[in-house]
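**Q** Pasting my_file08.pdb below, which is PDB, C-alpha atoms.
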ATOM      1  CA  MET A 164       0.000   0.000   0.000
ATOM      2  CA  SER A 165       1.424   3.375  -0.995
ATOM      3  CA  ASP A 166       1.727   6.306   1.417
ATOM      4  CA  GLY A 167      -1.072   8.099  -0.410
ATOM      5  CA  GLU A 168      -3.418   5.116  -0.122
ATOM      6  CA  ALA A 169      -2.597   4.710   3.566
ATOM      7  CA  GLU A 170      -3.285   8.386   4.188
ATOM      8  CA  ALA A 171      -6.588   8.179   2.295
ATOM      9  CA  ARG A 172      -7.660   5.146   4.325
ATOM     10  CA  GLN A 173      -6.695   6.935   7.544
ATOM     11  CA  GLN A 174      -8.784   9.916   6.464
ATOM     12  CA  GLU A 175     -11.789   7.684   5.748
ATOM     13  CA  ARG A 176     -11.530   6.078   9.179
ATOM     14  CA  SER A 177     -11.294   9.493  10.799
ATOM     15  CA  LEU A 178     -14.414  10.679   8.977
ATOM     16  CA  ALA A 179     -16.245   7.523  10.050
ATOM     17  CA  SER A 180     -15.246   8.208  13.656
ATOM     18  CA  LEU A 181     -16.534  11.783  13.397
ATOM     19  CA  GLU A 182     -19.786  10.507  11.909
ATOM     20  CA  ARG A 183     -20.254   8.388  15.045
ATOM     21  CA  GLY A 184     -19.626  11.459  17.207
ATOM     22  CA  GLY A 185     -16.050  10.435  18.017
ATOM     23  CA  LEU A 186     -12.605  11.965  17.507
ATOM     24  CA  PRO A 187     -10.245  11.999  14.513
ATOM     25  CA  LEU A 188      -7.681   9.192  14.708
ATOM     26  CA  SER A 189      -4.764  11.641  14.863
ATOM     27  CA  ALA A 190      -6.232  13.256  17.991
ATOM     28  CA  GLU A 191      -6.784   9.860  19.615
ATOM     29  CA  ALA A 192      -3.172   8.882  18.936
ATOM     30  CA  ARG A 193      -1.717  12.108  20.350
ATOM     31  CA  LEU A 194      -3.880  11.950  23.488
ATOM     32  CA  GLY A 195      -2.938   8.306  23.985
ATOM     33  CA  GLU A 196       0.726   9.287  23.972
ATOM     34  CA  LEU A 197       0.049  11.970  26.594
ATOM     35  CA  ARG A 198      -1.709   9.438  28.810
ATOM     36  CA  ALA A 199       1.305   7.145  28.505
ATOM     37  CA  GLY A 200       3.520   9.957  29.792
ATOM     38  CA  ALA A 201       5.096  10.992  26.505
ATOM     39  CA  GLY A 202       5.480  14.728  26.025
ATOM     40  CA  ALA A 203       4.760  17.765  28.188
ATOM     41  CA  PHE A 204       1.232  18.790  29.139
ATOM     42  CA  THR A 205      -0.342  22.021  27.891
ATOM     43  CA  SER A 206      -3.049  24.078  29.567
ATOM     44  CA  ASP A 207      -4.576  27.518  29.628
ATOM     45  CA  LEU A 208      -4.124  27.761  33.410
ATOM     46  CA  SER A 209      -2.649  30.925  34.861
ATOM     47  CA  VAL A 210       0.335  30.684  37.222
ATOM     48  CA  GLY A 211      -2.016  31.189  40.161
ATOM     49  CA  ASP A 212      -4.405  28.473  38.982
ATOM     50  CA  PHE A 213      -1.532  26.070  38.364
ATOM     51  CA  ALA A 214      -0.159  26.649  41.866
ATOM     52  CA  LEU A 215      -3.640  26.166  43.317
ATOM     53  CA  CYS A 216      -3.936  22.852  41.463
ATOM     54  CA  ARG A 217      -0.907  21.581  43.333
ATOM     55  CA  ARG A 218      -2.399  22.606  46.678
ATOM     56  CA  LEU A 219      -5.718  20.900  45.859
ATOM     57  CA  GLY A 220      -4.193  17.674  44.643
ATOM     58  CA  LEU A 221      -5.217  18.374  41.052
ATOM     59  CA  ARG A 222      -2.841  17.272  38.327
ATOM     60  CA  PRO A 223      -3.216  19.113  35.006
ATOM     61  CA  LEU A 224      -3.046  16.622  32.156
ATOM     62  CA  SER A 225      -3.714  18.481  28.930
ATOM     63  CA  GLN A 226      -5.662  21.211  27.260
ATOM     64  CA  VAL A 227      -8.599  19.500  25.570
ATOM     65  CA  MET A 228     -11.012  20.605  22.878
ATOM     66  CA  GLY A 229     -14.272  19.588  21.288
ATOM     67  CA  SER A 230     -15.492  20.998  17.978
ATOM     68  CA  SER A 231     -18.310  20.548  15.498
ATOM     69  CA  ILE A 232     -19.444  22.287  12.323
ATOM     70  CA  TYR A 233     -23.082  21.533  11.551
ATOM     71  CA  GLN A 234     -25.383  22.422   8.675
ATOM     72  CA  MET A 235     -28.596  24.102   9.749
ATOM     73  CA  GLY A 236     -31.525  22.453   7.992
ATOM     74  CA  TYR A 237     -34.529  24.085   6.348
ATOM     75  CA  GLN A 238     -37.319  25.119   8.676
ATOM     76  CA  GLY A 239     -40.573  23.606   7.429
ATOM     77  CA  ALA A 240     -43.988  25.167   7.035
ATOM     78  CA  TRP A 241     -45.444  26.994   9.983
ATOM     79  CA  GLY A 242     -49.010  25.927   9.284
ATOM     80  CA  PRO A 243     -52.316  27.795   9.065
ATOM     81  CA  MET A 244     -53.038  31.200  10.513
ATOM     82  CA  GLY A 245     -56.299  32.977  10.968
ATOM     83  CA  PHE A 246     -56.616  36.460   9.517
ATOM     84  CA  GLY A 247     -54.953  38.951  11.843
ATOM     85  CA  GLY A 248     -54.177  36.237  14.370
ATOM     86  CA  PRO A 249     -50.800  35.942  16.035
ATOM     87  CA  ILE A 250     -48.098  33.503  15.051
ATOM     88  CA  LEU A 251     -45.894  32.375  17.924
ATOM     89  CA  THR A 252     -44.038  29.133  17.311
ATOM     90  CA  GLU A 253     -40.756  27.453  18.076
ATOM     91  CA  LEU A 254     -38.553  26.937  15.041
ATOM     92  CA  ASP A 255     -37.758  23.395  16.129
ATOM     93  CA  THR A 256     -35.368  22.655  13.253
ATOM     94  CA  LEU A 257     -33.191  25.614  14.250
ATOM     95  CA  SER A 258     -33.405  24.790  17.959
ATOM     96  CA  GLN A 259     -32.375  21.207  17.246
ATOM     97  CA  ALA A 260     -29.379  22.328  15.175
ATOM     98  CA  LEU A 261     -28.073  24.645  17.914
ATOM     99  CA  ASN A 262     -28.382  21.947  20.571
ATOM    100  CA  GLU A 263     -26.914  19.223  18.371
ATOM    101  CA  VAL A 264     -23.793  21.176  17.408
ATOM    102  CA  ARG A 265     -23.107  22.177  21.029
ATOM    103  CA  GLY A 266     -23.785  18.637  22.246
ATOM    104  CA  ARG A 267     -21.329  17.145  19.738
ATOM    105  CA  ALA A 268     -18.626  19.657  20.752
ATOM    106  CA  LEU A 269     -19.066  18.938  24.476
ATOM    107  CA  THR A 270     -19.137  15.188  23.870
ATOM    108  CA  ARG A 271     -15.825  15.361  22.005
ATOM    109  CA  LEU A 272     -14.392  17.511  24.799
ATOM    110  CA  GLY A 273     -15.288  14.734  27.235
ATOM    111  CA  LEU A 274     -13.819  12.088  24.923
ATOM    112  CA  GLU A 275     -10.490  13.913  24.782
ATOM    113  CA  ALA A 276     -10.489  14.225  28.584
ATOM    114  CA  ARG A 277     -11.184  10.505  28.972
ATOM    115  CA  ALA A 278      -8.402   9.691  26.512
ATOM    116  CA  VAL A 279      -5.821  11.329  28.800
ATOM    117  CA  GLY A 280      -7.276   9.732  31.949
ATOM    118  CA  ALA A 281      -8.907  12.846  33.417
ATOM    119  CA  ASP A 282     -11.527  13.006  36.163
ATOM    120  CA  ALA A 283     -12.697  16.522  35.274
ATOM    121  CA  VAL A 284     -12.308  19.403  32.848
ATOM    122  CA  VAL A 285     -12.143  22.837  34.479
ATOM    123  CA  GLY A 286     -12.493  26.278  32.974
ATOM    124  CA  VAL A 287     -14.565  25.085  30.011
ATOM    125  CA  GLN A 288     -15.130  27.892  27.532
ATOM    126  CA  THR A 289     -17.505  27.652  24.603
ATOM    127  CA  ARG A 290     -17.608  29.703  21.424
ATOM    128  CA  ALA A 291     -20.330  29.635  18.810
ATOM    129  CA  GLY A 292     -20.598  31.140  15.361
ATOM    130  CA  GLU A 293     -22.274  30.735  12.010
ATOM    131  CA  SER A 294     -21.509  31.373   8.373
ATOM    132  CA  GLU A 295     -23.374  31.059   5.087
ATOM    133  CA  LEU A 296     -22.154  28.394   2.680
ATOM    134  CA  GLU A 297     -22.054  28.793  -1.102
ATOM    135  CA  THR A 298     -25.143  26.582  -1.297
ATOM    136  CA  GLY A 299     -27.093  29.221   0.634
ATOM    137  CA  THR A 300     -27.390  27.062   3.747
ATOM    138  CA  VAL A 301     -26.110  28.134   7.156
ATOM    139  CA  ALA A 302     -23.240  26.308   8.881
ATOM    140  CA  LEU A 303     -23.083  26.449  12.673
ATOM    141  CA  GLU A 304     -19.762  26.102  14.469
ATOM    142  CA  HIS A 305     -19.266  25.306  18.149
ATOM    143  CA  VAL A 306     -15.932  24.948  19.966
ATOM    144  CA  ALA A 307     -15.434  23.956  23.608
ATOM    145  CA  MET A 308     -12.045  24.118  25.333
ATOM    146  CA  GLY A 309     -10.756  23.504  28.856
ATOM    147  CA  THR A 310      -8.028  21.878  30.952
ATOM    148  CA  ALA A 311      -8.298  18.194  31.806
ATOM    149  CA  VAL A 312      -7.259  17.398  35.389
ATOM    150  CA  ARG A 313      -6.986  14.347  37.625
ATOM    151  CA  ARG A 314      -7.929  14.664  41.300
ATOM    152  CA  GLU A 315      -6.331  12.519  43.969
ATOM    153  CA  GLY A 316      -8.770   9.922  45.242
ATOM    154  CA  ALA A 317     -11.390  10.668  42.574
ATOM    155  CA  ARG A 318     -12.514   7.882  40.286
ATOM    156  CA  ALA A 319     -15.272   9.331  38.159
ATOM    157  CA  GLU A 320     -16.990   7.045  35.652
ATOM    158  CA  HIS A 321     -16.584   9.795  33.079
ATOM    159  CA  PRO A 322     -14.867  13.202  33.164
ATOM    160  CA  ILE A 323     -16.984  15.921  34.769
ATOM    161  CA  LEU A 324     -17.170  19.059  32.635
ATOM    162  CA  THR A 325     -17.462  22.401  34.389
ATOM    163  CA  GLU A 326     -17.168  26.042  33.439
ATOM    164  CA  LEU A 327     -15.793  26.769  36.909
ATOM    165  CA  SER A 328     -12.242  28.062  37.233
ATOM    166  CA  VAL A 329      -9.770  26.231  39.461
ATOM    167  CA  ALA A 330     -10.403  28.735  42.275
ATOM    168  CA  GLU A 331     -14.180  28.372  41.940
ATOM    169  CA  TYR A 332     -13.833  24.589  41.780
ATOM    170  CA  ALA A 333     -11.814  24.707  45.020
ATOM    171  CA  MET A 334     -14.384  26.876  46.780
ATOM    172  CA  LEU A 335     -17.185  24.578  45.641
ATOM    173  CA  LEU A 336     -15.451  21.517  47.068
ATOM    174  CA  GLU A 337     -14.607  23.379  50.281
ATOM    175  CA  GLY A 338     -18.251  24.342  50.637
ATOM    176  CA  GLY A 339     -19.283  20.689  50.540
ATOM    177  CA  PHE A 340     -20.559  20.561  46.962
ATOM    178  CA  GLU A 341     -19.388  18.776  43.840
ATOM    179  CA  PRO A 342     -19.947  19.552  40.162
ATOM    180  CA  LEU A 343     -21.922  17.043  38.111
ATOM    181  CA  GLY A 344     -21.503  18.432  34.620
ATOM    182  CA  ILE A 345     -22.535  21.173  32.228
ATOM    183  CA  VAL A 346     -26.202  21.698  31.439
ATOM    184  CA  ALA A 347     -27.183  23.780  28.412
ATOM    185  CA  TRP A 348     -30.020  24.378  26.001
ATOM    186  CA  SER A 349     -31.047  26.728  23.202
ATOM    187  CA  SER A 350     -34.460  27.573  21.836
ATOM    188  CA  VAL A 351     -35.500  29.616  18.806
ATOM    189  CA  PHE A 352     -38.959  31.193  18.583
ATOM    190  CA  PHE A 353     -40.599  33.208  15.837
ATOM    191  CA  THR A 354     -43.335  35.777  16.140
ATOM    192  CA  SER A 355     -44.801  37.674  13.215
ATOM    193  CA  TYR A 356     -45.571  41.339  12.874
ATOM    194  CA  VAL A 357     -49.064  40.919  14.218
ATOM    195  CA  PHE A 358     -51.198  43.987  13.835
ATOM    196  CA  GLY A 359     -54.194  42.802  15.789
ATOM    197  CA  GLY A 360     -52.787  44.405  18.908
ATOM    198  CA  MET A 361     -50.849  47.140  17.142
ATOM    199  CA  LEU A 362     -53.612  48.441  14.903
ATOM    200  CA  GLY A 363     -56.030  48.309  17.767
ATOM    201  CA  ALA A 364     -53.654  49.697  20.398
ATOM    202  CA  GLY A 365     -55.693  51.035  23.268
ATOM    203  CA  GLY A 366     -58.864  49.921  21.529
ATOM    204  CA  LEU A 367     -58.924  53.103  19.497
ATOM    205  CA  GLY A 368     -58.669  51.461  16.082
ATOM    206  CA  VAL A 369     -55.884  53.788  14.981
ATOM    207  CA  GLY A 370     -54.521  53.436  11.482
ATOM    208  CA  THR A 371     -51.113  52.313  10.321
ATOM    209  CA  MET A 372     -49.882  55.863   9.775
ATOM    210  CA  ALA A 373     -50.633  56.742  13.381
ATOM    211  CA  MET A 374     -48.921  53.715  14.955
ATOM    212  CA  GLY A 375     -45.457  55.224  14.897
ATOM    213  CA  ALA A 376     -46.665  58.223  16.889
ATOM    214  CA  GLN A 377     -47.812  56.174  19.877
ATOM    215  CA  ASN A 378     -46.009  54.510  22.764
ATOM    216  CA  PHE A 379     -47.174  50.973  23.484
ATOM    217  CA  GLU A 380     -45.655  47.594  24.237
ATOM    218  CA  LEU A 381     -45.241  45.169  21.353
ATOM    219  CA  ARG A 382     -46.683  42.412  23.482
ATOM    220  CA  GLU A 383     -46.353  39.670  20.871
ATOM    221  CA  PHE A 384     -42.589  40.236  20.784
ATOM    222  CA  THR A 385     -42.367  40.305  24.573
ATOM    223  CA  GLN A 386     -44.292  37.031  24.695
ATOM    224  CA  ALA A 387     -41.827  35.441  22.266
ATOM    225  CA  VAL A 388     -38.902  36.224  24.586
ATOM    226  CA  TYR A 389     -40.743  34.750  27.563
ATOM    227  CA  SER A 390     -41.777  31.660  25.594
ATOM    228  CA  ALA A 391     -38.189  30.992  24.513
ATOM    229  CA  ARG A 392     -36.955  31.480  28.068
ATOM    230  CA  GLU A 393     -39.512  29.121  29.597
ATOM    231  CA  ALA A 394     -38.776  26.457  26.989
ATOM    232  CA  VAL A 395     -35.053  26.651  27.771
ATOM    233  CA  MET A 396     -35.419  26.701  31.556
ATOM    234  CA  GLY A 397     -37.698  23.672  31.419
ATOM    235  CA  ARG A 398     -34.986  21.757  29.571
ATOM    236  CA  ILE A 399     -32.291  22.949  32.006
ATOM    237  CA  ASP A 400     -34.363  21.792  34.981
ATOM    238  CA  GLY A 401     -34.839  18.405  33.324
ATOM    239  CA  GLN A 402     -31.119  17.975  32.646
ATOM    240  CA  ALA A 403     -30.220  18.956  36.219
ATOM    241  CA  SER A 404     -32.777  16.531  37.658
ATOM    242  CA  ALA A 405     -31.444  13.715  35.469
ATOM    243  CA  LEU A 406     -27.979  14.291  36.959
ATOM    244  CA  GLY A 407     -29.365  14.290  40.504
ATOM    245  CA  ALA A 408     -28.398  17.928  40.988
ATOM    246  CA  SER A 409     -29.655  20.194  43.734
ATOM    247  CA  GLY A 410     -28.976  23.325  41.717
ATOM    248  CA  VAL A 411     -27.210  24.974  38.785
ATOM    249  CA  ILE A 412     -24.522  27.603  39.369
ATOM    250  CA  GLY A 413     -22.578  29.943  37.118
ATOM    251  CA  VAL A 414     -25.573  30.255  34.813
ATOM    252  CA  ARG A 415     -24.931  32.358  31.730
ATOM    253  CA  ILE A 416     -27.896  33.586  29.737
ATOM    254  CA  GLY A 417     -27.702  34.926  26.225
ATOM    255  CA  HIS A 418     -30.367  35.941  23.777
ATOM    256  CA  SER A 419     -30.672  37.666  20.445
ATOM    257  CA  VAL A 420     -33.604  39.230  18.628
ATOM    258  CA  ARG A 421     -33.406  39.890  14.909
ATOM    259  CA  PRO A 422     -35.738  40.368  11.938
ATOM    260  CA  HIS A 423     -36.673  37.170  10.130
ATOM    261  CA  THR A 424     -38.908  36.149   7.234
ATOM    262  CA  LEU A 425     -40.694  32.821   7.550
ATOM    263  CA  GLY A 426     -42.207  31.163   4.490
ATOM    264  CA  GLY A 427     -44.007  27.991   3.553
ATOM    265  CA  GLY A 428     -47.385  28.464   5.188
ATOM    266  CA  VAL A 429     -50.865  28.300   3.724
ATOM    267  CA  GLY A 430     -50.821  29.562   0.149
ATOM    268  CA  MET A 431     -47.002  29.738   0.351
ATOM    269  CA  ARG A 432     -47.276  33.117   2.011
ATOM    270  CA  GLU A 433     -44.346  34.696   3.776
ATOM    271  CA  LEU A 434     -44.444  36.210   7.233
ATOM    272  CA  ARG A 435     -42.121  38.933   8.408
ATOM    273  CA  GLY A 436     -41.380  39.140  12.081
ATOM    274  CA  LEU A 437     -38.743  38.579  14.739
ATOM    275  CA  MET A 438     -36.681  35.514  15.569
ATOM    276  CA  VAL A 439     -35.763  35.178  19.253
ATOM    277  CA  THR A 440     -32.856  32.902  20.210
ATOM    278  CA  PHE A 441     -32.397  32.114  23.896
ATOM    279  CA  ASP A 442     -29.359  30.235  25.276
ATOM    280  CA  VAL A 443     -28.550  29.066  28.812
ATOM    281  CA  ILE A 444     -25.472  27.208  30.084
ATOM    282  CA  GLY A 445     -24.300  26.437  33.615
ATOM    283  CA  THR A 446     -22.810  23.798  35.926
ATOM    284  CA  ALA A 447     -25.057  21.388  37.817
ATOM    285  CA  VAL A 448     -23.979  20.713  41.426
ATOM    286  CA  ARG A 449     -25.071  18.717  44.456
ATOM    287  CA  GLU A 450     -24.076  18.573  48.112
ATOM    288  CA  ARG A 451     -21.729  15.782  49.098
ATOM    289  CA  GLU A 452     -22.963  13.377  51.764
ATOM    290  CA  GLU A 453     -19.740  13.646  53.736
ATOM    291  CA  SER A 454     -19.579  17.424  53.409
ATOM    292  CA  PHE A 455     -18.559  19.541  56.346
ATOM    293  CA  VAL A 456     -18.372  23.301  56.167
ATOM    294  CA  HIS A 457     -15.631  24.791  58.319
ATOM    295  CA  PRO A 458     -16.837  27.791  60.329
ATOM    296  CA  PRO A 459     -14.976  31.049  59.744
ATOM    297  CA  LYS A 460     -12.116  31.771  62.144
ATOM    298  CA  PRO A 461     -12.423  35.046  64.069
ATOM    299  CA  THR A 462      -9.575  37.455  63.378
ATOM    300  CA  ILE A 463      -8.631  40.372  65.597
ATOM    301  CA  GLY A 464      -6.606  43.164  64.058
ATOM    302  CA  LEU A 465      -3.840  44.461  66.345
ATOM    303  CA  SER A 466      -2.917  47.476  64.267
ATOM    304  CA  GLY A 467      -4.445  50.873  64.962
TER     305      GLY A 467
END
Produce C-alpha cells that represent the structure in this file.

**A**
Amino acid sequence: MSDGEAEARQQERSLASLERGGLPLSAEARLGELRAGAGAFTSDLSVGDFALCRRLGLRPLSQVMGSSIYQMGYQGAWGPMGFGGPILTELDTLSQALNEVRGRALTRLGLEARAVGADAVVGVQTRAGESELETGTVALEHVAMGTAVRREGARAEHPILTELSVAEYAMLLEGGFEPLGIVAWSSVFFTSYVFGGMLGAGGLGVGTMAMGAQNFELREFTQAVYSAREAVMGRIDGQASALGASGVIGVRIGHSVRPHTLGGGVGMRELRGLMVTFDVIGTAVREREESFVHPPKPTIGLSG
C-alpha cells in the first residue's frame, strides 16, 4: 500500500469516527501518547491556577477541545393562521441544530479528557458562530475548550465538565458541593408582525400611519422572549434533575432578537417578524454526603 493510499484510508476512518460522534484518529493517537507519559502537558491555566492545582491535589493533564461544524436544515412550514391572528411558534429545526452542534462539541471535549485519563475538565469555555455556505445554507460552528485534570482519590466514571475556574472549583469543594456536569439548552422562537394588537392599540382602532406616533408595548414580541426562556429553563431543569443535581450555578444567559422572514405556510405566504434565540449554560452541582463546612475563624486586628 502506498503512502497516499494509507493516508486516504486513515482519512476515511477518521471521517467515520466523526460521523459516530467520536474523535479523529490523529487526535486519539496524540492523546494516547500523553496518557502514557510521553510529552509535556499544555493548559490555559494561569500561574495562580496552576499553583492552586498543586495545593488541591489536582494534576493538570492536557488542554482538551471539542469541535463541530453543523449544517442548519430548512425550517418547514409553519401551518395555518387565521386572519390577523398571532403567530408564535418554536422553530424546532433551528433549535435542534443549535443543541446538536453544542452537544457534539461537548461530547468530544469529554472524549479527549477521557483519553488522557482525566476526572474533570475545568475552565470550560464555549464559542459559537455561524456562516453562510455557497449553497445558501447556514453552517453552525461550536468549539469547547478547557483543561483536563486528575484529582487525587477521585474515580469518576466519566470526566466531569465544568465552566468553573480552578479557584471556583476549590471553593465549591470546600463548601461541601461537587460539580456534576454542564447543562445547556437553546431555543428559537418566531413571532410575526401581528397587527391585531398594534392596529387596535388602546382599543382606538388607529390606522397604520398613526402607529409610529404612539407609545405601546409590542406584546407579541415580549411574549416570544418569555416563551423561549420558559422552553429553555424547562430543559435545564430536566437535565439537572437527570444528573441528581440540587442546583445549577454559574448560569450564563444569552439571547438575540433579529428580523426574520418565515415562508411555507398556507398559500405559500411569507411572514415577516422577529426571531428570538435564547441560550442558557451552567454547571449542575449537588451537596456531598460527607460534606462539612468549616466555620470562619475570628480574626482580631492588632494594628491601629

**Q** Identify which of the residues A:Gln226, A:Thr270, A:Gln402, A:Gln234 lies closest to Arg183 of chain A, counting all atoms listed in the file when measuring atom-to-atom distances.

**A** A:Thr270

**Q** Atom CA of Ala203 of chain A and atom CA of Val306 of chain A are how many Å apart?

**A**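 Spanning atom CA of Ala203 of chain A to atom CA of Val306 of chain A is a straight-line distance of 23.4 Å.
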
**Q** I need the output of the PyMOL selection byres ((chain A and resi 282) around 12) for this file as a PyMOL selection string; which residues are they?

**A** chain A and resi 221-225+273-281+283-285+310-325+342-344

**Q** Restricted to C-alpha atoms, what would the selected residues look like written as a PDB file, keeping the file's coordinate frame?

**A**
ATOM      1  CA  LEU A 221      -5.217  18.374  41.052  1.00  0.00           C
ATOM      2  CA  ARG A 222      -2.841  17.272  38.327  1.00  0.00           C
ATOM      3  CA  PRO A 223      -3.216  19.113  35.006  1.00  0.00           C
ATOM      4  CA  LEU A 224      -3.046  16.622  32.156  1.00  0.00           C
ATOM      5  CA  SER A 225      -3.714  18.481  28.930  1.00  0.00           C
ATOM      6  CA  GLY A 273     -15.288  14.734  27.235  1.00  0.00           C
ATOM      7  CA  LEU A 274     -13.819  12.088  24.923  1.00  0.00           C
ATOM      8  CA  GLU A 275     -10.490  13.913  24.782  1.00  0.00           C
ATOM      9  CA  ALA A 276     -10.489  14.225  28.584  1.00  0.00           C
ATOM     10  CA  ARG A 277     -11.184  10.505  28.972  1.00  0.00           C
ATOM     11  CA  ALA A 278      -8.402   9.691  26.512  1.00  0.00           C
ATOM     12  CA  VAL A 279      -5.821  11.329  28.800  1.00  0.00           C
ATOM     13  CA  GLY A 280      -7.276   9.732  31.949  1.00  0.00           C
ATOM     14  CA  ALA A 281      -8.907  12.846  33.417  1.00  0.00           C
ATOM     15  CA  ALA A 283     -12.697  16.522  35.274  1.00  0.00           C
ATOM     16  CA  VAL A 284     -12.308  19.403  32.848  1.00  0.00           C
ATOM     17  CA  VAL A 285     -12.143  22.837  34.479  1.00  0.00           C
ATOM     18  CA  THR A 310      -8.028  21.878  30.952  1.00  0.00           C
ATOM     19  CA  ALA A 311      -8.298  18.194  31.806  1.00  0.00           C
ATOM     20  CA  VAL A 312      -7.259  17.398  35.389  1.00  0.00           C
ATOM     21  CA  ARG A 313      -6.986  14.347  37.625  1.00  0.00           C
ATOM     22  CA  ARG A 314      -7.929  14.664  41.300  1.00  0.00           C
ATOM     23  CA  GLU A 315      -6.331  12.519  43.969  1.00  0.00           C
ATOM     24  CA  GLY A 316      -8.770   9.922  45.242  1.00  0.00           C
ATOM     25  CA  ALA A 317     -11.390  10.668  42.574  1.00  0.00           C
ATOM     26  CA  ARG A 318     -12.514   7.882  40.286  1.00  0.00           C
ATOM     27  CA  ALA A 319     -15.272   9.331  38.159  1.00  0.00           C
ATOM     28  CA  GLU A 320     -16.990   7.045  35.652  1.00  0.00           C
ATOM     29  CA  HIS A 321     -16.584   9.795  33.079  1.00  0.00           C
ATOM     30  CA  PRO A 322     -14.867  13.202  33.164  1.00  0.00           C
ATOM     31  CA  ILE A 323     -16.984  15.921  34.769  1.00  0.00           C
ATOM     32  CA  LEU A 324     -17.170  19.059  32.635  1.00  0.00           C
ATOM     33  CA  THR A 325     -17.462  22.401  34.389  1.00  0.00           C
ATOM     34  CA  PRO A 342     -19.947  19.552  40.162  1.00  0.00           C
ATOM     35  CA  LEU A 343     -21.922  17.043  38.111  1.00  0.00           C
ATOM     36  CA  GLY A 344     -21.503  18.432  34.620  1.00  0.00           C
TER      37      GLY A 344
END

**Q** I'd like to know which of A:His418, A:Arg398, A:Arg267, A:Arg217 is closest to Val329 of chain A, using only C-alpha atoms.

**A**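 Going through A:His418, A:Arg398, A:Arg267, A:Arg217 one by one, the smallest distance to Val329 of chain A is for A:Arg217.
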
**Q** For the structure shown, which residues end up in the PyMOL selection byres ((chain A and resi 384-386) around 12)? Put them as an mmCIF file with C-alpha atoms, keeping the file's coordinate frame, please?

**A**
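And here is the file that came out, part-v1.cif:
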data_model
loop_
_atom_site.group_PDB
_atom_site.id
_atom_site.type_symbol
_atom_site.label_atom_id
_atom_site.label_comp_id
_atom_site.auth_asym_id
_atom_site.auth_seq_id
_atom_site.Cartn_x
_atom_site.Cartn_y
_atom_site.Cartn_z
ATOM 1 C CA PRO A 249 -50.800 35.942 16.035
ATOM 2 C CA ILE A 250 -48.098 33.503 15.051
ATOM 3 C CA LEU A 251 -45.894 32.375 17.924
ATOM 4 C CA THR A 252 -44.038 29.133 17.311
ATOM 5 C CA PHE A 352 -38.959 31.193 18.583
ATOM 6 C CA PHE A 353 -40.599 33.208 15.837
ATOM 7 C CA THR A 354 -43.335 35.777 16.140
ATOM 8 C CA SER A 355 -44.801 37.674 13.215
ATOM 9 C CA TYR A 356 -45.571 41.339 12.874
ATOM 10 C CA VAL A 357 -49.064 40.919 14.218
ATOM 11 C CA PHE A 358 -51.198 43.987 13.835
ATOM 12 C CA GLY A 360 -52.787 44.405 18.908
ATOM 13 C CA MET A 361 -50.849 47.140 17.142
ATOM 14 C CA PHE A 379 -47.174 50.973 23.484
ATOM 15 C CA GLU A 380 -45.655 47.594 24.237
ATOM 16 C CA LEU A 381 -45.241 45.169 21.353
ATOM 17 C CA ARG A 382 -46.683 42.412 23.482
ATOM 18 C CA GLU A 383 -46.353 39.670 20.871
ATOM 19 C CA ALA A 387 -41.827 35.441 22.266
ATOM 20 C CA VAL A 388 -38.902 36.224 24.586
ATOM 21 C CA TYR A 389 -40.743 34.750 27.563
ATOM 22 C CA SER A 390 -41.777 31.660 25.594
ATOM 23 C CA ALA A 391 -38.189 30.992 24.513
ATOM 24 C CA ARG A 392 -36.955 31.480 28.068
ATOM 25 C CA GLU A 393 -39.512 29.121 29.597
ATOM 26 C CA VAL A 420 -33.604 39.230 18.628
ATOM 27 C CA ARG A 421 -33.406 39.890 14.909
ATOM 28 C CA PRO A 422 -35.738 40.368 11.938
ATOM 29 C CA GLY A 436 -41.380 39.140 12.081
ATOM 30 C CA LEU A 437 -38.743 38.579 14.739
ATOM 31 C CA MET A 438 -36.681 35.514 15.569
ATOM 32 C CA VAL A 439 -35.763 35.178 19.253
#

**Q** Can you work out which one of A:Ala330, A:Arg435, A:Phe441, A:Thr446 has the shortest atom-to-atom distance to Ser209 of chain A, counting only C-alpha atoms?

**A** A:Ala330

**Q** At a cut-off of 12 Å around the point (-18.6, 9.7, 19.5) (file coordinates), what residues fall inside when counting only C-alpha atoms? I'd like the answer as JSON, numbers by chain.

**A** {"A": [177, 178, 179, 180, 181, 182, 183, 184, 185, 186, 187, 188, 191, 229, 230, 231, 266, 267, 268, 269, 270, 271, 272, 273, 274, 275]}

**Q** Those same residues - C-alpha atoms - I'd like them written as a PDB file, in the coordinates of the input.

**A**
ATOM      1  CA  SER A 177     -11.294   9.493  10.799  1.00  0.00           C
ATOM      2  CA  LEU A 178     -14.414  10.679   8.977  1.00  0.00           C
ATOM      3  CA  ALA A 179     -16.245   7.523  10.050  1.00  0.00           C
ATOM      4  CA  SER A 180     -15.246   8.208  13.656  1.00  0.00           C
ATOM      5  CA  LEU A 181     -16.534  11.783  13.397  1.00  0.00           C
ATOM      6  CA  GLU A 182     -19.786  10.507  11.909  1.00  0.00           C
ATOM      7  CA  ARG A 183     -20.254   8.388  15.045  1.00  0.00           C
ATOM      8  CA  GLY A 184     -19.626  11.459  17.207  1.00  0.00           C
ATOM      9  CA  GLY A 185     -16.050  10.435  18.017  1.00  0.00           C
ATOM     10  CA  LEU A 186     -12.605  11.965  17.507  1.00  0.00           C
ATOM     11  CA  PRO A 187     -10.245  11.999  14.513  1.00  0.00           C
ATOM     12  CA  LEU A 188      -7.681   9.192  14.708  1.00  0.00           C
ATOM     13  CA  GLU A 191      -6.784   9.860  19.615  1.00  0.00           C
ATOM     14  CA  GLY A 229     -14.272  19.588  21.288  1.00  0.00           C
ATOM     15  CA  SER A 230     -15.492  20.998  17.978  1.00  0.00           C
ATOM     16  CA  SER A 231     -18.310  20.548  15.498  1.00  0.00           C
ATOM     17  CA  GLY A 266     -23.785  18.637  22.246  1.00  0.00           C
ATOM     18  CA  ARG A 267     -21.329  17.145  19.738  1.00  0.00           C
ATOM     19  CA  ALA A 268     -18.626  19.657  20.752  1.00  0.00           C
ATOM     20  CA  LEU A 269     -19.066  18.938  24.476  1.00  0.00           C
ATOM     21  CA  THR A 270     -19.137  15.188  23.870  1.00  0.00           C
ATOM     22  CA  ARG A 271     -15.825  15.361  22.005  1.00  0.00           C
ATOM     23  CA  LEU A 272     -14.392  17.511  24.799  1.00  0.00           C
ATOM     24  CA  GLY A 273     -15.288  14.734  27.235  1.00  0.00           C
ATOM     25  CA  LEU A 274     -13.819  12.088  24.923  1.00  0.00           C
ATOM     26  CA  GLU A 275     -10.490  13.913  24.782  1.00  0.00           C
TER      27      GLU A 275
END
